[in-house]
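Notes follow once the structure below has been shown.
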Amino acid sequence: MSQLSQTPNRPSSLNRRAMLGGISSVAVLSIAGCATFPAFTLEDAVRRLLFLSTDRAFARLLQPGGFWDSQVARLALPEVIGNRGGIMQRILTGPIFRDRLQRAFNDMAYEAADRAAPAVTDAVRTIGIRNAMALLRSSDPMAATSFLHLEMGTSLVEIMVPEFGDALRVSREPLVGEVLSALTGVDVGGIANSLAFEADNAIFRAIGREEAAIRADPGATNDPVLMGAFGIK
């Protein structure tokens with residue numbers, strides 16, 4: 001995940017306009033009495049928060065069983081599958097079969113997330129941050145992640161649909177083939193789309209969990225920008 005380990009480029013000259021009433025998102029923060037803590041903009045701090053949260057989230061998700069083993073990222077079975085009767089009812093009635101099928105879908109999410117990761121990094125680097133102060137001071141521990149998700153919209157879904165489609169077609173799990181054969185009126189693309197939406201939400205839940213952990217203990221990051229932004233001296 002070399003793309004995610006990069007840190008955002010620091011501007012060659014920092015914007016040093018004074019804070020207007022303590023709420024300007026272009027203000028420069030400085031850590032008094034500590035020369036090792038550089039001045040930084042509030043946008044710098046939000047980007048650092050998102051870069052680190054994203055890096056940690058994908059590092060966890062892109063491990064064997066990364067989605068399946070996660071309490072916040074595990075993908076549920078698509079509704080289009082759960083609502084079918086007949087053969088599907090037989091398959092899904094037994095918890096062993098249901099778990100096998102769900103595990104297969106979660107394993108497919110690995111490749112999809114791997115394709116999605118660079119897009120998240122690029123978005124963090126390029127999106128405009130309109131109110132950085134509000135994001136940093138929000139009582140919502142996942143405020144920056146929610147902002148990023150809103151800004152990105154369904155772009156990750158569009159990236160991941162083809163990955164899920166390919167994975168469904170070449171899956172070696174017999175249950176996947178049986179399910180695809182049993183479904184009538186639903187093509188592989190429809191299931192891939194459902195899985196991509198599930199994975200999109202799962203990815204941002206994972207990023208949000210990491211953001212919350214950083215906010216709870218910014219000192220553990222050893223990042224002077226994040227420590228300064230959250231009042232650690």
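Numbering starts fresh at 1 for the residues of each chain in the structure tokens, the chains themselves are lettered A, B, ... in the order given, and ligands are numbered from 1 as they appear.
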In range 133-217 of chain A, DSSP alpha helix (DSSP H) residues written as JSON, numbers by chain: {"A": [133, 134, 135, 136, 137, 143, 144, 145, 146, 147, 148, 149, 150, 151, 152, 155, 156, 157, 158, 159, 160, 161, 162, 163, 164, 165, 166, 167, 168, 169, 170, 174, 175, 176, 177, 178, 179, 180, 181, 182, 188, 189, 190, 191, 192, 193, 194, 195, 196, 197, 198, 199, 200, 201, 202, 203, 204, 205, 206, 207, 208, 209, 210, 211, 212, 213, 214, 215, 216]}
Contacts of Arg205 in chain A at 9 Å (only C-alpha atoms; same-chain gap of 2+ positions) as a PDB file with N, CA and C atoms, in the first residue's frame:
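Now in selection_1.pdb:
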```
ATOM      1  N   ALA A  57      -6.797   2.210   8.004  1.00  0.00           N
ATOM      2  CA  ALA A  57      -7.981   1.415   7.654  1.00  0.00           C
ATOM      3  C   ALA A  57      -7.658   0.412   6.549  1.00  0.00           C
ATOM      4  N   VAL A  72     -16.696  -3.802  11.991  1.00  0.00           N
ATOM      5  CA  VAL A  72     -17.313  -2.656  11.331  1.00  0.00           C
ATOM      6  C   VAL A  72     -17.313  -2.777   9.813  1.00  0.00           C
ATOM      7  N   ALA A  73     -16.485  -3.651   9.253  1.00  0.00           N
ATOM      8  CA  ALA A  73     -16.350  -3.701   7.796  1.00  0.00           C
ATOM      9  C   ALA A  73     -16.927  -4.959   7.158  1.00  0.00           C
ATOM     10  N   MET A 142     -16.139  10.961  13.913  1.00  0.00           N
ATOM     11  CA  MET A 142     -15.897  10.538  12.536  1.00  0.00           C
ATOM     12  C   MET A 142     -16.259  11.647  11.549  1.00  0.00           C
ATOM     13  N   THR A 145     -14.228  11.875   8.246  1.00  0.00           N
ATOM     14  CA  THR A 145     -14.538  10.739   7.379  1.00  0.00           C
ATOM     15  C   THR A 145     -15.885  10.930   6.701  1.00  0.00           C
ATOM     16  N   ASP A 200     -18.304  -0.030  -0.148  1.00  0.00           N
ATOM     17  CA  ASP A 200     -18.092   1.410  -0.011  1.00  0.00           C
ATOM     18  C   ASP A 200     -18.398   1.858   1.415  1.00  0.00           C
ATOM     19  N   ASN A 201     -19.553   1.455   1.929  1.00  0.00           N
ATOM     20  CA  ASN A 201     -19.910   1.821   3.300  1.00  0.00           C
ATOM     21  C   ASN A 201     -18.957   1.192   4.311  1.00  0.00           C
ATOM     22  N   ALA A 202     -18.543  -0.043   4.043  1.00  0.00           N
ATOM     23  CA  ALA A 202     -17.630  -0.723   4.960  1.00  0.00           C
ATOM     24  C   ALA A 202     -16.286  -0.015   5.025  1.00  0.00           C
ATOM     25  N   ILE A 203     -15.784   0.411   3.891  1.00  0.00           N
ATOM     26  CA  ILE A 203     -14.493   1.111   3.853  1.00  0.00           C
ATOM     27  C   ILE A 203     -14.559   2.391   4.672  1.00  0.00           C
ATOM     28  N   ILE A 207     -12.494   3.571   8.007  1.00  0.00           N
ATOM     29  CA  ILE A 207     -11.742   4.824   8.098  1.00  0.00           C
ATOM     30  C   ILE A 207     -12.231   5.638   9.296  1.00  0.00           C
ATOM     31  N   GLY A 208     -13.542   5.689   9.468  1.00  0.00           N
ATOM     32  CA  GLY A 208     -14.101   6.435  10.591  1.00  0.00           C
ATOM     33  C   GLY A 208     -13.661   5.883  11.931  1.00  0.00           C
ATOM     34  N   ARG A 209     -13.573   4.573  12.047  1.00  0.00           N
ATOM     35  CA  ARG A 209     -13.089   3.975  13.296  1.00  0.00           C
ATOM     36  C   ARG A 209     -11.664   4.423  13.592  1.00  0.00           C
ATOM     37  N   GLU A 210     -10.826   4.481  12.570  1.00  0.00           N
ATOM     38  CA  GLU A 210      -9.445   4.916  12.780  1.00  0.00           C
ATOM     39  C   GLU A 210      -9.393   6.400  13.136  1.00  0.00           C
TER      40      GLU A 210
END
```
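Coordinates place CA of Pro162 in chain A at a distance of 19.6 Å from CA of Leu183 in chain A.
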Exercise: Glu163 in chain A partners within 7 Å, only C-alpha atoms, chain neighbours under 4 positions left out, as a VMD selection string: chain A and resid 111 to 112 167
Kindly export the residues of the current selection with all heavy atoms, as an mmCIF file, in the first residue's frame.
```cif
data_model
loop_
_atom_site.group_PDB
_atom_site.id
_atom_site.type_symbol
_atom_site.label_atom_id
_atom_site.label_comp_id
_atom_site.auth_asym_id
_atom_site.auth_seq_id
_atom_site.Cartn_x
_atom_site.Cartn_y
_atom_site.Cartn_z
ATOM 1 N N GLU A 111 -9.873 -7.462 -3.395
ATOM 2 C CA GLU A 111 -9.421 -6.897 -4.659
ATOM 3 C C GLU A 111 -10.116 -5.578 -4.962
ATOM 4 O O GLU A 111 -9.513 -4.639 -5.481
ATOM 5 C CB GLU A 111 -9.665 -7.889 -5.800
ATOM 6 C CG GLU A 111 -8.862 -9.169 -5.702
ATOM 7 C CD GLU A 111 -7.363 -8.917 -5.845
ATOM 8 O OE1 GLU A 111 -6.984 -7.879 -6.420
ATOM 9 O OE2 GLU A 111 -6.580 -9.767 -5.383
ATOM 10 N N ALA A 112 -11.400 -5.514 -4.639
ATOM 11 C CA ALA A 112 -12.144 -4.280 -4.885
ATOM 12 C C ALA A 112 -11.574 -3.129 -4.063
ATOM 13 O O ALA A 112 -11.396 -2.014 -4.559
ATOM 14 C CB ALA A 112 -13.618 -4.495 -4.558
ATOM 15 N N ALA A 167 -14.851 -11.018 -9.959
ATOM 16 C CA ALA A 167 -14.688 -11.999 -8.876
ATOM 17 C C ALA A 167 -15.852 -12.984 -8.843
ATOM 18 O O ALA A 167 -15.663 -14.181 -8.591
ATOM 19 C CB ALA A 167 -14.563 -11.274 -7.531
#
```
Residue with smallest distance to Met108 in chain A - pool A:Asp217, A:Asp55, A:Glu211, A:Asp166, counting only C-alpha atoms: A:Asp166
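Here CA of Glu43 in chain A stands at a distance of 11.0 Å from CA of Ala134 in chain A.
The two atoms in question, CA of Leu226 in chain A and CA of Arg48 in chain A, are spaced 7.0 Å apart.
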Near-Val225 in chain A list (7 Å; only C-alpha atoms; drop same-chain fewer than 4 positions) as a ChimeraX atom specification: /A:40,45,229
